[in-house]
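Trainee: Below you'll find the structure I mean.
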Protein chains: 2
Amino acid sequence: MSMLSELREGPSIVEGLLRSAGQVDRVAEAIRSRHIDLAVIAARGTSDHAAIYAQYILGARNGLLVAPAAPSLVSLYGAPPHLRHSVVLGISQSGKSPDVVSVLAESRRQGAMTVAITNDSSSELAAAAEYLIELEAGEERAVAATKTYLAEIAVVAMLSAALSGDRKSRDELAALPDAMSEALRTEAQVGPLAAEWAGESRCAVLARGFHYATAREWALKLKELAYVLADPYSAADFQHGPIALVGAGFPVLAIATSGPAFEGMVELLGRLHETKAKLLVLSDAADLDGLGSVVRIPAVPEWLSPLVAILPAQLFAYHLARARGLDTENPRNITKVTLTL
Amino acid sequence: MSMLSELREGPSIVEGLLRSAGQVDRVAEAIRSRHIDLAVIAARGTSDHAAIYAQYILGARNGLLVAPAAPSLVSLYGAPPHLRHSVVLGISQSGKSPDVVSVLAESRRQGAMTVAITNDSSSELAAAAEYLIELEAGEERAVAATKTYLAEIAVVAMLSAALSGDRKSRDELAALPDAMSEALRTEAQVGPLAAEWAGESRCAVLARGFHYATAREWALKLKELAYVLADPYSAADFQHGPIALVGAGFPVLAIATSGPAFEGMVELLGRLHETKAKLLVLSDAADLDGLGSVVRIPAVPEWLSPLVAILPAQLFAYHLARARGLDTENPRNITKVTLTL
């Protein structure tokens, strides 16, 4: 059961990262002193979802424009875009995937500021970058990443706080581990709900704004662990076509928490409820009960909510896999470290 | 049957666009004279896939770094990133979605170069931007976009050719409509294949590099028209987790054409074939026959292959919808123009 115990380490890992904020502060200081307002991120799989969180958080809170790197431009086509005015972040648990490493190496060659965010300080990625931020999550044995995703988005949140430099953000971060521990207690509700979903082989996962990353990562866990074809969508993009999928009984997971995206999410969920979709919603709001199954998560400032909401999502994927009789430690076809070119 | 006749207009629309290249040339000239090397694109649904094509093509061929806009940063959070050094492209068939319009308006306010790419020159999007590129595709009546996607990626390809300024690119573009017409003749093979897929409710759609956009758009057509939960993945990202989904009989669609991404695609397809996945591949290569059903498409330079490959993909989605007894003109839950905030 290493996955479940690793998942439960989330709050203490974030606590540890908050105590060693110096490595993040140095990166923020360098970004500020170089007047950089463009970030490029190279990442794959779970780490790519931390990149999406960064796109929204660093954009909305720090005015940074964040672009995904499309690693194949470097690794396959040998035609990297101009990167020298940007900070280039490589995010990888193992620090080993050659395509992510090649983006960092090329960026450094061009003279860009480079940062490796990884759980292995002796990895190729760490060596390729000028700056290193260690995830300090301890070894992750389960193939499906859980605690390292939390560590990655915690680092992004800390970077945003350090860039803004305001006291309020730091205080909000300090209160986070307690809220995360509380979120772990949803397991008593999430386990039985997951059992009710054991017969599903496909679903949509919807959110908007800061939680788009949560939707993407939740969907990936459902694919890796429970072999459910879970399709993540921004609530806006979903309405530009894919909503045609939804007939009576079509299963939809959603994250809807307080903030500017909430009203639109509730409107969409109401529309899906009318088509008799099967809904399960993670929310910090009290008034969604008519819409389907609601898992209440602790209310925290919206920008930090992805660190809280991912815990019941991971728990749901874990228990769904168990309910479907699958091996949560070693999903078929994949290994812990994936090397792509 | 307006969708099928619209789909078949593809080659003549591209021919028309190539004749009126002046509107694209003006935009390329302005990008060059302002020394811009960063493009931000706001788009939704099908148009967002034209944005992905732009990310790869303008990156690999023109050194432009391309970032998606995350419209909600402007429309919901009121916190736009710094855009003044970039060219901001809004791509929308209707030119009406408020979130896309708001990104262009904000970008222009910040002093960025702004370009509307739309099928409606009297739309809000056209009015919000400094430059206008008309898609000239004629009215699109079918709810699912086909010919306007082709027009959008044709405009992106023309922009790349104009930015590079080389004669060879223009010649390659000129030869494109014939290859597209040839690709339409795959319908005789694609129709019966689609009928064999009528019982599937989910699948993965895989490609890499320039065809990642094709995979995304193919998957969207399958959702909109055939109500099949089709999950598009870069072949690299697919191996970082989602490949756990694939057991015997799991249906996988793929695009694998000549170029740097080909070898990796064939390797992945071989691996999926070993797990007894059900494979259907669009390819310009002759030697894939052992891997599953192969639809041969005309060989064109790799950067233009997405304009050819999307035609059998659209035809497949259309015939699959018909085989499943669905209304291809009016999918449930969606309308032609979607307004999201």
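Each chain in the structure tokens gets a letter, A, B, ..., in the order shown, and its residues are numbered from 1; ligands are numbered from 1 in order too.
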List every residue of chain B that has an atom at most 8 Å from any atom of chain A, and for each one report the closest atom pair and its distance in Å to one decimal, counting only C-alpha atoms, with rows sorted by chain and then by increasing residue number, as JSON lines.

Mentor:
{"residue": "B:Asp37", "atom": "CA", "partner": "A:His82", "partner_atom": "CA", "distance": 6.9}
{"residue": "B:Arg44", "atom": "CA", "partner": "A:Asp237", "partner_atom": "CA", "distance": 5.8}
{"residue": "B:Gly45", "atom": "CA", "partner": "A:His240", "partner_atom": "CA", "distance": 5.2}
{"residue": "B:Tyr56", "atom": "CA", "partner": "A:Leu73", "partner_atom": "CA", "distance": 7.0}
{"residue": "B:Gly59", "atom": "CA", "partner": "A:Pro81", "partner_atom": "CA", "distance": 5.3}
{"residue": "B:Ala60", "atom": "CA", "partner": "A:Ala79", "partner_atom": "CA", "distance": 4.9}
{"residue": "B:Arg61", "atom": "CA", "partner": "A:Ala79", "partner_atom": "CA", "distance": 7.2}
{"residue": "B:Asn62", "atom": "CA", "partner": "A:Pro81", "partner_atom": "CA", "distance": 7.7}
{"residue": "B:Gly63", "atom": "CA", "partner": "A:Pro81", "partner_atom": "CA", "distance": 4.1}
{"residue": "B:Leu64", "atom": "CA", "partner": "A:Pro81", "partner_atom": "CA", "distance": 5.3}
{"residue": "B:Leu65", "atom": "CA", "partner": "A:Pro81", "partner_atom": "CA", "distance": 5.2}
{"residue": "B:Val66", "atom": "CA", "partner": "A:Ala67", "partner_atom": "CA", "distance": 6.8}
{"residue": "B:Ala67", "atom": "CA", "partner": "A:Ala67", "partner_atom": "CA", "distance": 4.4}
{"residue": "B:Pro68", "atom": "CA", "partner": "A:Ala67", "partner_atom": "CA", "distance": 6.7}
{"residue": "B:Ala70", "atom": "CA", "partner": "A:Tyr56", "partner_atom": "CA", "distance": 7.5}
{"residue": "B:Ser72", "atom": "CA", "partner": "A:Gly209", "partner_atom": "CA", "distance": 6.2}
{"residue": "B:Leu73", "atom": "CA", "partner": "A:Ala60", "partner_atom": "CA", "distance": 5.8}
{"residue": "B:Leu76", "atom": "CA", "partner": "A:Pro260", "partner_atom": "CA", "distance": 5.7}
{"residue": "B:Tyr77", "atom": "CA", "partner": "A:Pro260", "partner_atom": "CA", "distance": 6.4}
{"residue": "B:Gly78", "atom": "CA", "partner": "A:Ala60", "partner_atom": "CA", "distance": 7.8}
{"residue": "B:Ala79", "atom": "CA", "partner": "A:Ala60", "partner_atom": "CA", "distance": 4.9}
{"residue": "B:Pro80", "atom": "CA", "partner": "A:Ala60", "partner_atom": "CA", "distance": 6.5}
{"residue": "B:Pro81", "atom": "CA", "partner": "A:Gly63", "partner_atom": "CA", "distance": 4.1}
{"residue": "B:His82", "atom": "CA", "partner": "A:Gly63", "partner_atom": "CA", "distance": 5.8}
{"residue": "B:Leu83", "atom": "CA", "partner": "A:Leu65", "partner_atom": "CA", "distance": 7.5}
{"residue": "B:Ala144", "atom": "CA", "partner": "A:Gly241", "partner_atom": "CA", "distance": 7.7}
{"residue": "B:Arg202", "atom": "CA", "partner": "A:Arg202", "partner_atom": "CA", "distance": 7.2}
{"residue": "B:Gly209", "atom": "CA", "partner": "A:Ser72", "partner_atom": "CA", "distance": 6.2}
{"residue": "B:Leu220", "atom": "CA", "partner": "A:Pro242", "partner_atom": "CA", "distance": 6.6}
{"residue": "B:Lys223", "atom": "CA", "partner": "A:Pro242", "partner_atom": "CA", "distance": 5.5}
{"residue": "B:Glu224", "atom": "CA", "partner": "A:Ala244", "partner_atom": "CA", "distance": 5.2}
{"residue": "B:Leu225", "atom": "CA", "partner": "A:Ala244", "partner_atom": "CA", "distance": 7.7}
{"residue": "B:Tyr227", "atom": "CA", "partner": "A:Leu245", "partner_atom": "CA", "distance": 4.7}
{"residue": "B:Val228", "atom": "CA", "partner": "A:Leu245", "partner_atom": "CA", "distance": 7.1}
{"residue": "B:Leu229", "atom": "CA", "partner": "A:Leu245", "partner_atom": "CA", "distance": 7.2}
{"residue": "B:Asp231", "atom": "CA", "partner": "A:Asp231", "partner_atom": "CA", "distance": 6.4}
{"residue": "B:Ala236", "atom": "CA", "partner": "A:Thr340", "partner_atom": "CA", "distance": 5.8}
{"residue": "B:Asp237", "atom": "CA", "partner": "A:Gly45", "partner_atom": "CA", "distance": 5.7}
{"residue": "B:Phe238", "atom": "CA", "partner": "A:Gly45", "partner_atom": "CA", "distance": 7.9}
{"residue": "B:Gln239", "atom": "CA", "partner": "A:Thr338", "partner_atom": "CA", "distance": 7.0}
{"residue": "B:His240", "atom": "CA", "partner": "A:Gly45", "partner_atom": "CA", "distance": 5.1}
{"residue": "B:Gly241", "atom": "CA", "partner": "A:Glu224", "partner_atom": "CA", "distance": 5.5}
{"residue": "B:Pro242", "atom": "CA", "partner": "A:Lys223", "partner_atom": "CA", "distance": 5.5}
{"residue": "B:Ile243", "atom": "CA", "partner": "A:Asn333", "partner_atom": "CA", "distance": 6.3}
{"residue": "B:Ala244", "atom": "CA", "partner": "A:Arg332", "partner_atom": "CA", "distance": 5.2}
{"residue": "B:Leu245", "atom": "CA", "partner": "A:Tyr227", "partner_atom": "CA", "distance": 4.7}
{"residue": "B:Val246", "atom": "CA", "partner": "A:Asn333", "partner_atom": "CA", "distance": 7.9}
{"residue": "B:Pro260", "atom": "CA", "partner": "A:Leu76", "partner_atom": "CA", "distance": 5.7}
{"residue": "B:Ala261", "atom": "CA", "partner": "A:Leu76", "partner_atom": "CA", "distance": 6.6}
{"residue": "B:Pro331", "atom": "CA", "partner": "A:Ala244", "partner_atom": "CA", "distance": 6.1}
{"residue": "B:Arg332", "atom": "CA", "partner": "A:Ala244", "partner_atom": "CA", "distance": 5.2}
{"residue": "B:Asn333", "atom": "CA", "partner": "A:Ala244", "partner_atom": "CA", "distance": 5.2}
{"residue": "B:Ile334", "atom": "CA", "partner": "A:Ala244", "partner_atom": "CA", "distance": 6.2}
{"residue": "B:Thr338", "atom": "CA", "partner": "A:His240", "partner_atom": "CA", "distance": 5.9}
{"residue": "B:Thr340", "atom": "CA", "partner": "A:Ala236", "partner_atom": "CA", "distance": 5.9}
{"residue": "B:Leu341", "atom": "CA", "partner": "A:Ala236", "partner_atom": "CA", "distance": 7.6}

Trainee: Near region 291-307 of chain A, within 6 Å and counting only C-alpha atoms, which residues show up once chain neighbours fewer than 3 positions away are dropped, as a list in words?

Mentor: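 Here the qualifying residues turn out to be Ala183, His211, Thr214, Leu279, Leu280, Val281, Leu282, Ser283, Asp284, Leu288 and Ile310 of chain A.
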
Trainee: Fewer than 3 positions away in the same chain doesn't count, so skip those; otherwise give me all residues within 6 Å of Val24 (chain B), counting only C-alpha atoms, as number ranges by chain.

Mentor: B: 21, 27, 159

Trainee: Rounded to one decimal, what separation in Å do you get between CA of Glu130 (chain B) and CA of Gly111 (chain B)?

Mentor: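 That distance, rounded to one decimal, is 10.3 Å.
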
Trainee: Taking only C-alpha atoms into account, name the residue in B:Pro312, B:Gly191, B:Ala128, B:Arg141 that is nearest to Glu217 (chain B).

Mentor: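 Using only C-alpha atoms, Glu217 (chain B) sits closest to B:Pro312.
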
Trainee: Per DSSP on the backbone, filter region 139-333 of chain B down to the residues in strand (DSSP E or B) and report them as a PyMOL selection string.

Mentor: chain B and resi 202-207+229-234+251-255+278-283+293-296

Trainee: When you look at Ile91 (chain B) with a cut-off of 9 Å (counting only C-alpha atoms), what residues show up, excluding the ones that are within fewer than 2 positions of it in the same chain? I need them as a PDB file with N, CA and C atoms, in the first residue's frame.

Mentor:
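Listing of out.pdb after writing:
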ATOM      1  N   ILE B  41      -1.801  33.037 -28.223  1.00  0.00           N
ATOM      2  CA  ILE B  41      -2.998  32.722 -28.992  1.00  0.00           C
ATOM      3  C   ILE B  41      -4.179  32.446 -28.076  1.00  0.00           C
ATOM      4  N   ALA B  42      -5.298  33.140 -28.343  1.00  0.00           N
ATOM      5  CA  ALA B  42      -6.544  32.908 -27.620  1.00  0.00           C
ATOM      6  C   ALA B  42      -7.505  32.207 -28.562  1.00  0.00           C
ATOM      7  N   ALA B  43      -8.038  31.080 -28.149  1.00  0.00           N
ATOM      8  CA  ALA B  43      -8.936  30.301 -29.002  1.00  0.00           C
ATOM      9  C   ALA B  43      -9.651  29.266 -28.141  1.00  0.00           C
ATOM     10  N   ARG B  44     -10.755  28.755 -28.657  1.00  0.00           N
ATOM     11  CA  ARG B  44     -11.528  27.723 -27.947  1.00  0.00           C
ATOM     12  C   ARG B  44     -11.887  26.613 -28.925  1.00  0.00           C
ATOM     13  N   SER B  47     -10.789  25.848 -32.836  1.00  0.00           N
ATOM     14  CA  SER B  47      -9.800  26.897 -33.112  1.00  0.00           C
ATOM     15  C   SER B  47      -8.573  26.750 -32.215  1.00  0.00           C
ATOM     16  N   ASP B  48      -8.756  26.180 -31.030  1.00  0.00           N
ATOM     17  CA  ASP B  48      -7.631  25.959 -30.138  1.00  0.00           C
ATOM     18  C   ASP B  48      -6.666  24.933 -30.736  1.00  0.00           C
ATOM     19  N   ALA B  50      -6.099  24.721 -33.998  1.00  0.00           N
ATOM     20  CA  ALA B  50      -5.307  25.512 -34.952  1.00  0.00           C
ATOM     21  C   ALA B  50      -4.193  26.240 -34.194  1.00  0.00           C
ATOM     22  N   ALA B  51      -4.468  26.645 -32.958  1.00  0.00           N
ATOM     23  CA  ALA B  51      -3.452  27.295 -32.127  1.00  0.00           C
ATOM     24  C   ALA B  51      -2.306  26.329 -31.813  1.00  0.00           C
ATOM     25  N   LEU B  89      -2.783  36.564 -31.204  1.00  0.00           N
ATOM     26  CA  LEU B  89      -3.702  36.103 -32.234  1.00  0.00           C
ATOM     27  C   LEU B  89      -4.976  35.593 -31.576  1.00  0.00           C
ATOM     28  N   GLN B  93     -13.987  30.998 -35.430  1.00  0.00           N
ATOM     29  CA  GLN B  93     -14.831  30.952 -36.619  1.00  0.00           C
ATOM     30  C   GLN B  93     -15.841  32.094 -36.577  1.00  0.00           C
ATOM     31  N   GLY B  95     -16.001  34.581 -34.314  1.00  0.00           N
ATOM     32  CA  GLY B  95     -15.487  35.854 -33.811  1.00  0.00           C
ATOM     33  C   GLY B  95     -16.307  36.425 -32.670  1.00  0.00           C
ATOM     34  N   VAL B 100     -12.478  35.142 -25.748  1.00  0.00           N
ATOM     35  CA  VAL B 100     -11.434  35.347 -26.753  1.00  0.00           C
ATOM     36  C   VAL B 100     -11.347  36.830 -27.129  1.00  0.00           C
ATOM     37  N   VAL B 115      -4.061  40.363 -33.853  1.00  0.00           N
ATOM     38  CA  VAL B 115      -4.540  39.831 -35.129  1.00  0.00           C
ATOM     39  C   VAL B 115      -5.781  38.972 -34.877  1.00  0.00           C
ATOM     40  N   ALA B 116      -6.856  39.262 -35.587  1.00  0.00           N
ATOM     41  CA  ALA B 116      -8.048  38.413 -35.534  1.00  0.00           C
ATOM     42  C   ALA B 116      -8.044  37.491 -36.738  1.00  0.00           C
ATOM     43  N   ILE B 117      -8.211  36.195 -36.499  1.00  0.00           N
ATOM     44  CA  ILE B 117      -8.349  35.218 -37.578  1.00  0.00           C
ATOM     45  C   ILE B 117      -9.764  34.655 -37.448  1.00  0.00           C
ATOM     46  N   THR B 118     -10.649  35.055 -38.345  1.00  0.00           N
ATOM     47  CA  THR B 118     -12.062  34.725 -38.170  1.00  0.00           C
ATOM     48  C   THR B 118     -12.780  34.619 -39.514  1.00  0.00           C
ATOM     49  N   LEU B 125     -14.585  40.169 -32.625  1.00  0.00           N
ATOM     50  CA  LEU B 125     -13.163  39.844 -32.627  1.00  0.00           C
ATOM     51  C   LEU B 125     -12.431  40.654 -33.694  1.00  0.00           C
ATOM     52  N   GLU B 152      -8.327  27.675 -41.010  1.00  0.00           N
ATOM     53  CA  GLU B 152      -7.499  28.224 -39.929  1.00  0.00           C
ATOM     54  C   GLU B 152      -6.056  27.717 -40.005  1.00  0.00           C
TER      55      GLU B 152
END

Trainee: Using the chain letters and numbers from this document, which residues of region 35-232 of chain B does DSSP assign to helix (DSSP H, G or I), as a ChimeraX atom specification?

Mentor: /B:46-62,72-75,98-110,124-128,147-164,167-174,176-184,187-196,209-226

Trainee: Can you tell me how far CA of Glu196 (chain B) sits from CA of Ala321 (chain B), in Å to one decimal?

Mentor: 11.9 Å

Trainee: What gap, in Å, lies between CA of Asp120 (chain B) and CA of Gly10 (chain B)?

Mentor: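 Going from CA of Asp120 (chain B) over to CA of Gly10 (chain B) covers 17.7 Å.
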
Trainee: So, with only C-alpha atoms as the atoms that count, which of A:Pro11, A:Arg324, A:Ser122, A:Ser258 lies closest to Ala285 (chain A)?

Mentor: A:Ser258

Trainee: What's around Leu193 (chain B) at 9 Å? Count only C-alpha atoms, leave out sequence neighbours fewer than 4 positions away in its own chain, and write the answer as a PyMOL selection string.

Mentor: chain B and resi 189+197+280+293+316+319-320

Trainee: For region 15-17 of chain A, please output as a VMD selection string all residues within 12 Å (counting only C-alpha atoms; exclusion window: fewer than 6 positions along the same chain).

Mentor: chain A and resid 9 23 to 25 119 133 to 138 148 150 to 159 173 to 181
